[in-house]
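Chemist: Compact mmCIF, C-alpha atoms, saved as query-v7.txt, coming up:
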# COMPACT_ATOMS: atom_id res chain seq x y z
CA MET A 1 4.16 13.13 -35.50
CA ALA A 2 1.93 10.30 -34.37
CA SER A 3 -0.87 12.05 -32.53
CA LEU A 4 -2.73 9.22 -30.78
CA ILE A 5 -0.85 6.68 -28.69
CA HIS A 6 -2.50 3.57 -27.31
CA CYS A 7 -1.03 3.36 -23.80
CA PRO A 8 -1.23 -0.26 -22.58
CA HIS A 9 -2.35 0.98 -19.15
CA CYS A 10 -4.51 4.04 -19.89
CA GLY A 11 -5.96 3.52 -23.38
CA VAL A 12 -5.88 5.89 -26.34
CA ARG A 13 -4.29 9.22 -25.40
CA PRO A 14 -3.20 12.38 -27.23
CA LYS A 15 0.55 12.82 -27.73
CA GLU A 16 0.53 15.93 -25.48
CA GLU A 17 0.35 13.60 -22.47
CA PHE A 18 3.71 12.04 -23.35
CA SER A 19 7.31 13.05 -23.22
CA ILE A 20 9.65 11.58 -25.82
CA ARG A 21 12.82 10.16 -24.29
CA GLY A 22 14.79 8.99 -27.31
CA ASP A 23 15.98 5.88 -29.10
CA ALA A 24 14.85 2.63 -27.44
CA SER A 25 17.05 0.28 -29.43
CA LEU A 26 20.34 1.32 -27.78
CA VAL A 27 22.01 -1.22 -25.53
CA ARG A 28 24.32 0.08 -22.82
CA PRO A 29 27.90 -1.06 -23.49
CA ASP A 30 30.02 -2.97 -21.02
CA PRO A 31 31.66 -0.63 -18.45
CA GLU A 32 35.06 -1.72 -19.75
CA ALA A 33 34.12 -1.15 -23.39
CA SER A 34 36.22 1.14 -25.57
CA ASP A 35 35.84 4.90 -25.58
CA GLU A 36 34.48 4.67 -29.14
CA ALA A 37 31.71 2.32 -28.03
CA TRP A 38 30.75 4.64 -25.19
CA HIS A 39 30.98 7.71 -27.41
CA ASP A 40 28.61 6.08 -29.90
CA TYR A 41 26.21 5.06 -27.14
CA VAL A 42 26.08 8.47 -25.50
CA HIS A 43 26.26 10.87 -28.44
CA ILE A 44 25.67 9.28 -31.82
CA ARG A 45 22.05 9.04 -32.98
CA SER A 46 20.60 8.10 -36.30
CA ASN A 47 17.70 10.12 -37.66
CA PRO A 48 15.86 7.48 -39.64
CA ARG A 49 13.08 8.04 -42.09
CA GLY A 50 10.77 5.12 -41.48
CA ARG A 51 10.37 2.66 -38.63
CA TYR A 52 11.79 3.82 -35.31
CA ARG A 53 11.67 2.45 -31.76
CA GLU A 54 11.50 5.18 -29.17
CA HIS A 55 11.03 5.58 -25.41
CA TRP A 56 7.92 7.61 -24.61
CA GLN A 57 7.06 8.44 -21.02
CA HIS A 58 3.37 8.89 -20.17
CA VAL A 59 4.08 11.83 -17.86
CA ALA A 60 0.50 13.08 -17.56
CA GLY A 61 -0.99 9.60 -17.17
CA CYS A 62 0.42 6.47 -15.59
CA ARG A 63 3.99 7.91 -15.70
CA ARG A 64 5.30 4.61 -17.08
CA TRP A 65 8.03 4.42 -19.71
CA LEU A 66 6.74 2.90 -22.92
CA VAL A 67 8.43 1.63 -26.05
CA VAL A 68 6.66 3.08 -29.09
CA GLU A 69 7.41 1.68 -32.51
CA ARG A 70 6.36 4.21 -35.12
CA ASP A 71 7.04 5.44 -38.60
CA THR A 72 8.67 8.86 -38.65
CA PHE A 73 7.47 9.45 -42.23
CA THR A 74 3.87 8.17 -42.34
CA HIS A 75 3.21 8.78 -38.60
CA GLU A 76 1.83 5.26 -38.29
CA VAL A 77 2.17 3.63 -34.85
CA PHE A 78 2.94 -0.10 -35.00
CA SER A 79 3.11 -1.05 -31.34
CA VAL A 80 3.23 0.38 -27.83
CA THR A 81 4.53 -1.75 -24.98
CA ASP A 82 5.53 -1.15 -21.40
CA GLY A 83 9.27 -0.50 -21.10
CA ALA A 84 9.71 -2.87 -18.16
CA ALA A 85 8.00 -5.72 -20.03
CA THR A 86 10.14 -5.08 -23.10
CA ALA A 87 13.33 -5.09 -21.01
CA ARG A 88 12.28 -8.35 -19.31
CA GLU A 89 11.71 -9.98 -22.70
CA ALA A 90 15.13 -8.86 -23.86
CA GLY A 91 16.60 -10.42 -20.72
CA ARG A 92 17.86 -7.14 -19.29
CA MET B 93 -4.29 34.08 15.72
CA THR B 94 -1.96 31.84 13.79
CA MET B 95 -3.46 29.33 11.40
CA PRO B 96 -1.56 26.39 10.01
CA TYR B 97 -1.25 26.68 6.26
CA ILE B 98 -2.87 23.34 5.57
CA SER B 99 -6.04 24.20 7.49
CA ARG B 100 -6.84 26.65 4.71
CA HIS B 101 -8.52 25.29 1.62
CA PRO B 102 -6.67 26.44 -1.55
CA LEU B 103 -9.95 27.63 -3.11
CA GLU B 104 -10.89 29.73 -0.06
CA ASN B 105 -10.34 32.95 -2.06
CA ARG B 106 -12.49 31.83 -4.99
CA LEU B 107 -15.52 30.26 -3.35
CA PRO B 108 -18.44 30.62 -3.23
CA LEU B 109 -18.79 32.12 -6.71
CA GLU B 110 -22.29 33.46 -6.17
CA PRO B 111 -23.62 32.44 -2.78
CA GLY B 112 -26.83 30.45 -2.86
CA ILE B 113 -26.94 30.02 -6.63
CA ARG B 114 -26.79 26.47 -7.86
CA ALA B 115 -27.06 25.91 -11.60
CA VAL B 116 -27.93 22.56 -13.22
CA ASP B 117 -24.22 22.09 -13.86
CA HIS B 118 -22.50 22.42 -10.56
CA MET B 119 -19.02 22.04 -9.13
CA ASP B 120 -19.05 20.76 -5.58
CA VAL B 121 -15.84 21.16 -3.55
CA PRO B 122 -15.62 18.98 -0.43
CA ARG B 123 -13.40 20.53 2.23
CA GLY B 124 -12.25 17.47 4.08
CA THR B 125 -11.55 14.37 2.04
CA ALA B 126 -9.15 11.67 3.18
CA ILE B 127 -6.86 10.65 0.33
CA ALA B 128 -3.95 8.22 0.40
CA THR B 129 -1.67 6.81 -2.27
CA VAL B 130 -1.21 3.06 -2.28
CA MET B 131 1.83 1.68 -4.09
CA ALA B 132 2.30 -2.05 -4.36
CA MET B 133 5.72 -3.53 -3.63
CA ASP B 134 7.50 -5.24 -6.52
CA GLY B 135 5.50 -8.27 -7.64
CA GLU B 136 2.65 -7.70 -5.19
CA ASP B 137 0.26 -5.95 -7.63
CA ALA B 138 -2.34 -8.73 -7.64
CA ALA B 139 -2.25 -9.25 -3.86
CA VAL B 140 -2.74 -5.53 -3.21
CA ALA B 141 -5.55 -5.26 -5.77
CA ALA B 142 -7.32 -8.19 -4.09
CA GLY B 143 -6.84 -6.61 -0.64
CA LEU B 144 -8.16 -3.24 -1.79
CA ALA B 145 -11.18 -4.88 -3.43
CA VAL B 146 -12.47 -6.03 -0.02
CA ALA B 147 -11.64 -2.79 1.81
CA GLY B 148 -14.88 -1.01 2.68
CA ASP B 149 -15.62 2.66 3.27
CA MET B 150 -13.36 4.01 0.53
CA SER B 151 -13.30 4.36 -3.22
CA LEU B 152 -10.31 3.52 -5.34
CA ARG B 153 -8.86 5.51 -8.18
CA PHE B 154 -6.56 3.92 -10.71
CA VAL B 155 -3.30 5.83 -11.19
CA ALA B 156 -0.86 3.37 -12.75
CA PRO B 157 -0.17 -0.37 -12.61
CA GLY B 158 0.29 -1.13 -8.91
CA GLU B 159 -0.61 2.40 -7.85
CA TRP B 160 -3.93 3.75 -6.60
CA LEU B 161 -5.49 6.65 -4.76
CA ALA B 162 -7.82 5.64 -1.93
CA VAL B 163 -10.49 8.26 -1.24
CA SER B 164 -12.81 8.37 1.74
CA GLN B 165 -15.49 10.90 2.70
CA SER B 166 -16.33 9.40 6.08
CA ASP B 167 -12.91 8.45 7.42
CA THR B 168 -10.22 10.77 8.81
CA PRO B 169 -6.85 10.90 7.00
CA GLU B 170 -5.19 9.13 9.93
CA GLY B 171 -7.91 6.48 10.06
CA LEU B 172 -7.72 5.81 6.34
CA CYS B 173 -3.95 5.36 6.38
CA ARG B 174 -4.08 3.19 9.50
CA ASN B 175 -6.76 0.92 8.00
CA LEU B 176 -4.88 0.59 4.72
CA SER B 177 -1.55 -0.10 6.44
CA LEU B 178 -3.11 -2.81 8.59
CA LEU B 179 -4.89 -4.34 5.62
CA LEU B 180 -1.96 -4.34 3.22
CA ALA B 181 0.84 -4.79 5.77
CA GLU B 182 4.08 -5.64 3.95
CA THR B 183 2.67 -5.72 0.42
CA ALA B 184 2.28 -1.97 -0.19
CA SER B 185 3.37 1.51 0.84
CA VAL B 186 0.61 3.86 2.00
CA PHE B 187 1.04 7.63 2.18
CA ASP B 188 -1.37 10.32 3.30
CA GLN B 189 -2.16 12.85 0.55
CA SER B 190 -5.19 14.53 2.13
CA ASP B 191 -3.48 17.92 2.44
CA GLY B 192 -1.72 17.60 -0.90
CA ARG B 193 -4.72 16.98 -3.14
CA VAL B 194 -7.98 18.76 -3.80
CA VAL B 195 -11.20 17.06 -4.88
CA LEU B 196 -13.64 18.71 -7.29
CA ARG B 197 -16.98 17.07 -8.09
CA LEU B 198 -18.75 18.00 -11.29
CA SER B 199 -22.36 17.04 -11.91
CA GLY B 200 -25.05 18.03 -14.36
CA PRO B 201 -26.31 17.23 -17.86
CA ASN B 202 -23.55 19.20 -19.61
CA VAL B 203 -20.46 18.17 -17.62
CA ARG B 204 -19.28 15.86 -20.36
CA ARG B 205 -19.27 18.73 -22.84
CA ILE B 206 -17.54 20.96 -20.30
CA LEU B 207 -14.79 18.41 -19.63
CA ALA B 208 -14.39 17.65 -23.33
CA LYS B 209 -13.01 21.16 -23.79
CA GLY B 210 -9.91 20.27 -21.82
CA ILE B 211 -9.63 16.49 -21.80
CA GLY B 212 -8.46 14.50 -24.81
CA ILE B 213 -10.13 11.16 -24.08
CA ASP B 214 -13.51 9.73 -25.06
CA LEU B 215 -15.90 10.41 -22.16
CA HIS B 216 -18.86 8.47 -23.56
CA PRO B 217 -20.23 6.15 -20.82
CA ALA B 218 -19.73 3.14 -23.11
CA VAL B 219 -15.98 3.89 -23.25
CA PHE B 220 -15.26 5.65 -19.95
CA GLU B 221 -17.63 3.60 -17.81
CA ILE B 222 -19.12 4.46 -14.43
CA GLY B 223 -16.62 3.51 -11.75
CA THR B 224 -13.54 3.85 -13.94
CA SER B 225 -10.80 6.34 -13.22
CA SER B 226 -7.53 7.38 -14.77
CA ASN B 227 -4.88 10.07 -14.81
CA VAL B 228 -5.48 12.47 -17.69
CA LEU B 229 -4.35 15.87 -18.86
CA CYS B 230 -6.94 18.63 -18.38
CA GLY B 231 -5.67 21.63 -20.30
CA HIS B 232 -2.05 21.56 -19.16
CA ILE B 233 -2.69 20.10 -15.70
CA SER B 234 -2.45 16.41 -14.89
CA ILE B 235 -5.46 15.24 -12.87
CA ASN B 236 -7.08 12.01 -11.79
CA LEU B 237 -10.50 11.77 -13.40
CA ALA B 238 -13.15 9.34 -12.16
CA ARG B 239 -16.66 8.77 -13.40
CA THR B 240 -18.91 8.36 -10.37
CA GLY B 241 -22.20 8.47 -12.30
CA GLU B 242 -23.69 8.93 -15.76
CA ASN B 243 -23.27 12.71 -15.45
CA GLU B 244 -20.99 12.89 -12.43
CA PHE B 245 -17.23 13.15 -12.41
CA GLU B 246 -14.69 13.53 -9.64
CA LEU B 247 -11.41 15.32 -10.30
CA ILE B 248 -8.44 15.00 -7.97
CA VAL B 249 -5.71 17.56 -8.49
CA MET B 250 -2.51 18.49 -6.69
CA ARG B 251 -3.07 21.30 -4.21
CA SER B 252 -0.83 23.85 -5.90
CA PHE B 253 -2.62 23.38 -9.23
CA ALA B 254 -6.12 23.61 -7.73
CA GLU B 255 -6.66 27.34 -8.29
CA SER B 256 -5.40 27.16 -11.84
CA LEU B 257 -7.60 24.15 -12.63
CA PHE B 258 -10.55 25.86 -10.97
CA ASP B 259 -10.11 28.90 -13.21
CA ASP B 260 -9.84 26.66 -16.29
CA LEU B 261 -13.00 24.77 -15.34
CA ARG B 262 -14.91 28.00 -14.79
CA LEU B 263 -13.92 29.15 -18.24
CA MET B 264 -14.83 25.77 -19.73
CA GLY B 265 -18.19 25.87 -17.94
CA ARG B 266 -19.09 29.50 -18.60
CA GLU B 267 -21.19 28.52 -21.62
CA PHE B 268 -23.40 26.47 -19.29
CA ASP B 269 -23.32 28.85 -16.28
CA LEU B 270 -21.39 26.33 -14.20
CA SER B 271 -21.83 27.18 -10.52
CA ALA B 272 -19.42 26.26 -7.74
CA ASP B 273 -19.47 26.11 -3.98
CA PHE B 274 -18.02 24.22 -1.04
CA SER B 275 -19.80 21.00 -0.24
CA ALA B 276 -22.61 21.31 2.31
CA GLN B 277 -21.46 18.16 4.11
CA GLY B 278 -18.10 19.79 4.85
Once you've parsed the file, please lay out its structure as structure tokens.

Modeler:
Amino acid sequence: MASLIHCPHCGVRPKEEFSIRGDASLVRPDPEASDEAWHDYVHIRSNPRGRYREHWQHVAGCRRWLVVERDTFTHEVFSVTDGAATAREAGR
Amino acid sequence: MTMPYISRHPLENRLPLEPGIRAVDHMDVPRGTAIATVMAMDGEDAAVAAGLAVAGDMSLRFVAPGEWLAVSQSDTPEGLCRNLSLLLAETASVFDQSDGRVVLRLSGPNVRRILAKGIGIDLHPAVFEIGTSSNVLCGHISINLARTGENEFELIVMRSFAESLFDDLRLMGREFDLSADFSAQG
């Protein structure tokens, strides 16, 4: 597990200050989408070995939701961005 | 006689540790500190930061983007909130936290080593500069840590965690005979 996370608001922090909130690459389906699409969105998760985008919440710090891109095998952290900024960029 | 719960300081049972003894590393606990949270409305971060920068008679603690704690030793809780509300008007929400938070001031040559036992960030003055503040985890308790001087730190903790944090800090400071007492100024 990546042990040091560079929070864009608070600086370098130990992972104990964060709470992991799951896959950040999921996009919520249309309300009218099929049951299969909703089932996949709610329940089905991949467990990749390698690069992974995840929501981490800095619960003991600024309490912001962050998007952490990390490697689940080498523990390398590629980027940490604020969740709101990432969502704005994606036009959501 | 009935006493309102909030008129009692949460560390009343623990302090003073040893009356009259003040070691080089000391924890000072002010009884009455006015504290308020300031939260900027959506998109008003910069305006609120600029407004707070000119507000006198209080110090600011960074919590999160668009969120601060305003701390004042001289003002009353009501006065602090009134001043902030007038100053920031429609750009921010201001809430009194004076009864909900406890301030602990640590000073002395070894405080950095004491805090390093529970806090996972670099406390060197070149990294955590004088005047900076941030929310950090101390042991398992989330606090707001501010550096007020080279060897002076101010911790702000939620009231219900104050006793637990106090016990942790005593343990962390036992090596250096950390002393603790209520502030003389009240």

Chemist: Using only C-alpha atoms, determine which residues lie at most 9 Å from Ser151 (chain B), disregarding the query and same-chain residues fewer than 2 positions distant; provide the list as an MDAnalysis selection string.

Modeler: chainID B and resid 147:149 153 161:164

Chemist: Within 6 Å of chain B, which residues of chain A are there when counting only C-alpha atoms? Please give them as a ChimeraX atom specification.

Modeler: /A:60-62

Chemist: Might you pull out every residue within 8 Å of region 83-92 of chain A, with only C-alpha atoms counted and same-chain residues fewer than 5 positions away left off, and present them as a short mmCIF file (atom, residue, chain, number, x, y, z; two decimals) with C-alpha atoms, in the coordinates of the input?

Modeler:
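The file below, part07.cif, is the result:
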data_model
loop_
_atom_site.label_atom_id
_atom_site.label_comp_id
_atom_site.auth_asym_id
_atom_site.auth_seq_id
_atom_site.Cartn_x
_atom_site.Cartn_y
_atom_site.Cartn_z
CA HIS A 55 11.03 5.58 -25.41
CA ARG A 64 5.30 4.61 -17.08
CA TRP A 65 8.03 4.42 -19.71
CA LEU A 66 6.74 2.90 -22.92
CA VAL A 67 8.43 1.63 -26.05
#

Chemist: A:Asp30, A:Pro48, A:Tyr41, A:Gly11: which is nearest Val219 (chain B), counting all atoms listed in the file?

Modeler: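 Answer, going by the shortest atom-to-atom distance: A:Gly11.
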
Chemist: Between CA of Arg63 (chain A) and CA of Ser19 (chain A), what is the spacing in Å?

Modeler: 9.7 Å

Chemist: Near Ile20 (chain A), within 8 Å and counting only C-alpha atoms, which residues show up once chain neighbours fewer than 5 positions away are dropped, as a ChimeraX atom specification?

Modeler: /A:54-57

Chemist: Taking C-alpha atoms for each residue, export the selection above as a PDB file, keeping the file's coordinate frame.

Modeler:
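Output contents, as saved in result_32.pdb:
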ATOM      1  CA  GLU A  54      11.500   5.180 -29.170  1.00  0.00           C
ATOM      2  CA  HIS A  55      11.030   5.580 -25.410  1.00  0.00           C
ATOM      3  CA  TRP A  56       7.920   7.610 -24.610  1.00  0.00           C
ATOM      4  CA  GLN A  57       7.060   8.440 -21.020  1.00  0.00           C
TER       5      GLN A  57
END

Chemist: What does the distance between CA of Arg70 (chain A) and CA of Asp40 (chain A) come to in Å, to one decimal place?

Modeler: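 These two atoms are separated by 22.9 Å.
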
Chemist: Taking 6 positions as the minimum chain separation for residues in the same chain, which residues sit within 9 Å of Ile5 (chain A) when counting all atoms listed in the file? Answer as a list in words.

Modeler: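 Returned residues: Gly11, Val12, Arg13, Pro14, Lys15, Phe18, Val68, Val77 and Val80 of chain A.
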
Chemist: Kindly give the distance, in Å, that separates CA of His6 (chain A) and CA of Phe73 (chain A), rounded to a single decimal.

Modeler: 18.9 Å

Chemist: Quick one: residues within 7 Å of region 244-249 of chain B, all atoms listed in the file, excluding same-chain residues fewer than 4 positions away - as a PyMOL selection string?

Modeler: chain B and resi 193-200+235-240+253-254

Chemist: Suppose we keep C-alpha atoms; can you now write the selection as a PDB file, keeping the file's coordinate frame?

Modeler:
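Everything below was put into selection-v8.pdb:
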ATOM      1  CA  ARG B 193      -4.720  16.980  -3.140  1.00  0.00           C
ATOM      2  CA  VAL B 194      -7.980  18.760  -3.800  1.00  0.00           C
ATOM      3  CA  VAL B 195     -11.200  17.060  -4.880  1.00  0.00           C
ATOM      4  CA  LEU B 196     -13.640  18.710  -7.290  1.00  0.00           C
ATOM      5  CA  ARG B 197     -16.980  17.070  -8.090  1.00  0.00           C
ATOM      6  CA  LEU B 198     -18.750  18.000 -11.290  1.00  0.00           C
ATOM      7  CA  SER B 199     -22.360  17.040 -11.910  1.00  0.00           C
ATOM      8  CA  GLY B 200     -25.050  18.030 -14.360  1.00  0.00           C
ATOM      9  CA  ILE B 235      -5.460  15.240 -12.870  1.00  0.00           C
ATOM     10  CA  ASN B 236      -7.080  12.010 -11.790  1.00  0.00           C
ATOM     11  CA  LEU B 237     -10.500  11.770 -13.400  1.00  0.00           C
ATOM     12  CA  ALA B 238     -13.150   9.340 -12.160  1.00  0.00           C
ATOM     13  CA  ARG B 239     -16.660   8.770 -13.400  1.00  0.00           C
ATOM     14  CA  THR B 240     -18.910   8.360 -10.370  1.00  0.00           C
ATOM     15  CA  PHE B 253      -2.620  23.380  -9.230  1.00  0.00           C
ATOM     16  CA  ALA B 254      -6.120  23.610  -7.730  1.00  0.00           C
TER      17      ALA B 254
END

Chemist: Nearest to Leu176 (chain B) among B:Thr224, B:Met131, B:Ala218, B:Asp259, with distances taken over all atoms listed in the file: which residue is it?

Modeler: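 Between B:Thr224, B:Met131, B:Ala218, B:Asp259, the residue approaching Leu176 (chain B) most closely is B:Met131.
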
Chemist: Here is a test: counting only C-alpha atoms, which residue of B:Asp273, B:Glu242, B:Glu267, B:Asp134 is nearest to Leu109 (chain B)?

Modeler: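 Among the listed residues, B:Asp273 lies closest to Leu109 (chain B).
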
Chemist: For region 61-72 of chain A, supply all heavy atoms and report the output as a PDB file, in the frame of the given file.

Modeler:
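Output below, filename result-v7.pdb:
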ATOM      1  N   GLY A  61      -0.078  10.721 -17.437  1.00  0.00           N
ATOM      2  CA  GLY A  61      -0.990   9.600 -17.170  1.00  0.00           C
ATOM      3  C   GLY A  61      -0.401   8.684 -16.125  1.00  0.00           C
ATOM      4  O   GLY A  61      -0.204   9.077 -14.976  1.00  0.00           O
ATOM      5  N   CYS A  62      -0.052   7.461 -16.542  1.00  0.00           N
ATOM      6  CA  CYS A  62       0.420   6.470 -15.590  1.00  0.00           C
ATOM      7  C   CYS A  62       1.902   6.654 -15.238  1.00  0.00           C
ATOM      8  O   CYS A  62       2.422   5.974 -14.370  1.00  0.00           O
ATOM      9  CB  CYS A  62       0.189   5.068 -16.140  1.00  0.00           C
ATOM     10  SG  CYS A  62       0.969   4.787 -17.744  1.00  0.00           S
ATOM     11  N   ARG A  63       2.587   7.574 -15.951  1.00  0.00           N
ATOM     12  CA  ARG A  63       3.990   7.910 -15.700  1.00  0.00           C
ATOM     13  C   ARG A  63       4.945   6.758 -16.008  1.00  0.00           C
ATOM     14  O   ARG A  63       6.098   6.774 -15.607  1.00  0.00           O
ATOM     15  CB  ARG A  63       4.187   8.401 -14.263  1.00  0.00           C
ATOM     16  CG  ARG A  63       3.264   9.543 -13.910  1.00  0.00           C
ATOM     17  CD  ARG A  63       3.688  10.218 -12.656  1.00  0.00           C
ATOM     18  NE  ARG A  63       3.639   9.323 -11.520  1.00  0.00           N
ATOM     19  CZ  ARG A  63       2.587   9.161 -10.744  1.00  0.00           C
ATOM     20  NH1 ARG A  63       1.504   9.837 -10.978  1.00  0.00           N
ATOM     21  NH2 ARG A  63       2.616   8.331  -9.735  1.00  0.00           N
ATOM     22  N   ARG A  64       4.443   5.733 -16.703  1.00  0.00           N
ATOM     23  CA  ARG A  64       5.300   4.610 -17.080  1.00  0.00           C
ATOM     24  C   ARG A  64       6.078   4.953 -18.348  1.00  0.00           C
ATOM     25  O   ARG A  64       5.638   5.747 -19.152  1.00  0.00           O
ATOM     26  CB  ARG A  64       4.445   3.364 -17.357  1.00  0.00           C
ATOM     27  CG  ARG A  64       3.634   2.917 -16.180  1.00  0.00           C
ATOM     28  CD  ARG A  64       4.423   2.218 -15.157  1.00  0.00           C
ATOM     29  NE  ARG A  64       4.936   0.937 -15.633  1.00  0.00           N
ATOM     30  CZ  ARG A  64       5.497   0.034 -14.837  1.00  0.00           C
ATOM     31  NH1 ARG A  64       5.615   0.282 -13.560  1.00  0.00           N
ATOM     32  NH2 ARG A  64       5.954  -1.095 -15.323  1.00  0.00           N
ATOM     33  N   TRP A  65       7.251   4.297 -18.477  1.00  0.00           N
ATOM     34  CA  TRP A  65       8.030   4.420 -19.710  1.00  0.00           C
ATOM     35  C   TRP A  65       7.524   3.368 -20.683  1.00  0.00           C
ATOM     36  O   TRP A  65       7.380   2.196 -20.315  1.00  0.00           O
ATOM     37  CB  TRP A  65       9.520   4.206 -19.434  1.00  0.00           C
ATOM     38  CG  TRP A  65      10.168   5.368 -18.781  1.00  0.00           C
ATOM     39  CD1 TRP A  65       9.854   5.902 -17.573  1.00  0.00           C
ATOM     40  CD2 TRP A  65      11.251   6.157 -19.299  1.00  0.00           C
ATOM     41  NE1 TRP A  65      10.674   6.975 -17.315  1.00  0.00           N
ATOM     42  CE2 TRP A  65      11.535   7.149 -18.347  1.00  0.00           C
ATOM     43  CE3 TRP A  65      12.000   6.101 -20.472  1.00  0.00           C
ATOM     44  CZ2 TRP A  65      12.537   8.090 -18.529  1.00  0.00           C
ATOM     45  CZ3 TRP A  65      13.006   7.039 -20.659  1.00  0.00           C
ATOM     46  CH2 TRP A  65      13.272   8.026 -19.694  1.00  0.00           C
ATOM     47  N   LEU A  66       7.264   3.802 -21.908  1.00  0.00           N
ATOM     48  CA  LEU A  66       6.740   2.900 -22.920  1.00  0.00           C
ATOM     49  C   LEU A  66       7.716   2.832 -24.084  1.00  0.00           C
ATOM     50  O   LEU A  66       8.514   3.751 -24.287  1.00  0.00           O
ATOM     51  CB  LEU A  66       5.383   3.421 -23.430  1.00  0.00           C
ATOM     52  CG  LEU A  66       4.362   3.775 -22.356  1.00  0.00           C
ATOM     53  CD1 LEU A  66       3.175   4.478 -22.979  1.00  0.00           C
ATOM     54  CD2 LEU A  66       3.894   2.537 -21.612  1.00  0.00           C
ATOM     55  N   VAL A  67       7.653   1.727 -24.810  1.00  0.00           N
ATOM     56  CA  VAL A  67       8.430   1.630 -26.050  1.00  0.00           C
ATOM     57  C   VAL A  67       7.443   1.745 -27.203  1.00  0.00           C
ATOM     58  O   VAL A  67       6.550   0.915 -27.356  1.00  0.00           O
ATOM     59  CB  VAL A  67       9.214   0.307 -26.121  1.00  0.00           C
ATOM     60  CG1 VAL A  67       9.912   0.187 -27.469  1.00  0.00           C
ATOM     61  CG2 VAL A  67      10.232   0.239 -24.999  1.00  0.00           C
ATOM     62  N   VAL A  68       7.580   2.815 -27.983  1.00  0.00           N
ATOM     63  CA  VAL A  68       6.660   3.080 -29.090  1.00  0.00           C
ATOM     64  C   VAL A  68       7.407   2.801 -30.393  1.00  0.00           C
ATOM     65  O   VAL A  68       8.477   3.354 -30.631  1.00  0.00           O
ATOM     66  CB  VAL A  68       6.175   4.540 -29.063  1.00  0.00           C
ATOM     67  CG1 VAL A  68       5.319   4.844 -30.286  1.00  0.00           C
ATOM     68  CG2 VAL A  68       5.394   4.823 -27.789  1.00  0.00           C
ATOM     69  N   GLU A  69       6.829   1.930 -31.199  1.00  0.00           N
ATOM     70  CA  GLU A  69       7.410   1.680 -32.510  1.00  0.00           C
ATOM     71  C   GLU A  69       6.546   2.405 -33.534  1.00  0.00           C
ATOM     72  O   GLU A  69       5.349   2.135 -33.648  1.00  0.00           O
ATOM     73  CB  GLU A  69       7.438   0.176 -32.811  1.00  0.00           C
ATOM     74  CG  GLU A  69       8.260  -0.122 -34.043  1.00  0.00           C
ATOM     75  CD  GLU A  69       8.466  -1.617 -34.257  1.00  0.00           C
ATOM     76  OE1 GLU A  69       7.848  -2.415 -33.532  1.00  0.00           O
ATOM     77  OE2 GLU A  69       9.233  -1.959 -35.159  1.00  0.00           O
ATOM     78  N   ARG A  70       7.149   3.373 -34.214  1.00  0.00           N
ATOM     79  CA  ARG A  70       6.360   4.210 -35.120  1.00  0.00           C
ATOM     80  C   ARG A  70       7.137   4.517 -36.380  1.00  0.00           C
ATOM     81  O   ARG A  70       8.342   4.263 -36.467  1.00  0.00           O
ATOM     82  CB  ARG A  70       5.964   5.506 -34.418  1.00  0.00           C
ATOM     83  CG  ARG A  70       7.150   6.411 -34.136  1.00  0.00           C
ATOM     84  CD  ARG A  70       6.727   7.641 -33.379  1.00  0.00           C
ATOM     85  NE  ARG A  70       7.883   8.480 -33.087  1.00  0.00           N
ATOM     86  CZ  ARG A  70       8.168   9.604 -33.756  1.00  0.00           C
ATOM     87  NH1 ARG A  70       7.398  10.019 -34.731  1.00  0.00           N
ATOM     88  NH2 ARG A  70       9.228  10.310 -33.438  1.00  0.00           N
ATOM     89  N   ASP A  71       6.421   5.057 -37.344  1.00  0.00           N
ATOM     90  CA  ASP A  71       7.040   5.440 -38.600  1.00  0.00           C
ATOM     91  C   ASP A  71       7.194   6.955 -38.603  1.00  0.00           C
ATOM     92  O   ASP A  71       6.221   7.691 -38.470  1.00  0.00           O
ATOM     93  CB  ASP A  71       6.167   4.980 -39.775  1.00  0.00           C
ATOM     94  CG  ASP A  71       6.917   5.047 -41.088  1.00  0.00           C
ATOM     95  OD1 ASP A  71       7.407   6.143 -41.420  1.00  0.00           O
ATOM     96  OD2 ASP A  71       7.023   4.022 -41.772  1.00  0.00           O
ATOM     97  N   THR A  72       8.436   7.411 -38.739  1.00  0.00           N
ATOM     98  CA  THR A  72       8.670   8.860 -38.650  1.00  0.00           C
ATOM     99  C   THR A  72       8.202   9.579 -39.909  1.00  0.00           C
ATOM    100  O   THR A  72       8.121  10.801 -39.924  1.00  0.00           O
ATOM    101  CB  THR A  72      10.176   9.163 -38.464  1.00  0.00           C
ATOM    102  OG1 THR A  72      10.894   8.553 -39.529  1.00  0.00           O
ATOM    103  CG2 THR A  72      10.676   8.638 -37.141  1.00  0.00           C
TER     104      THR A  72
END
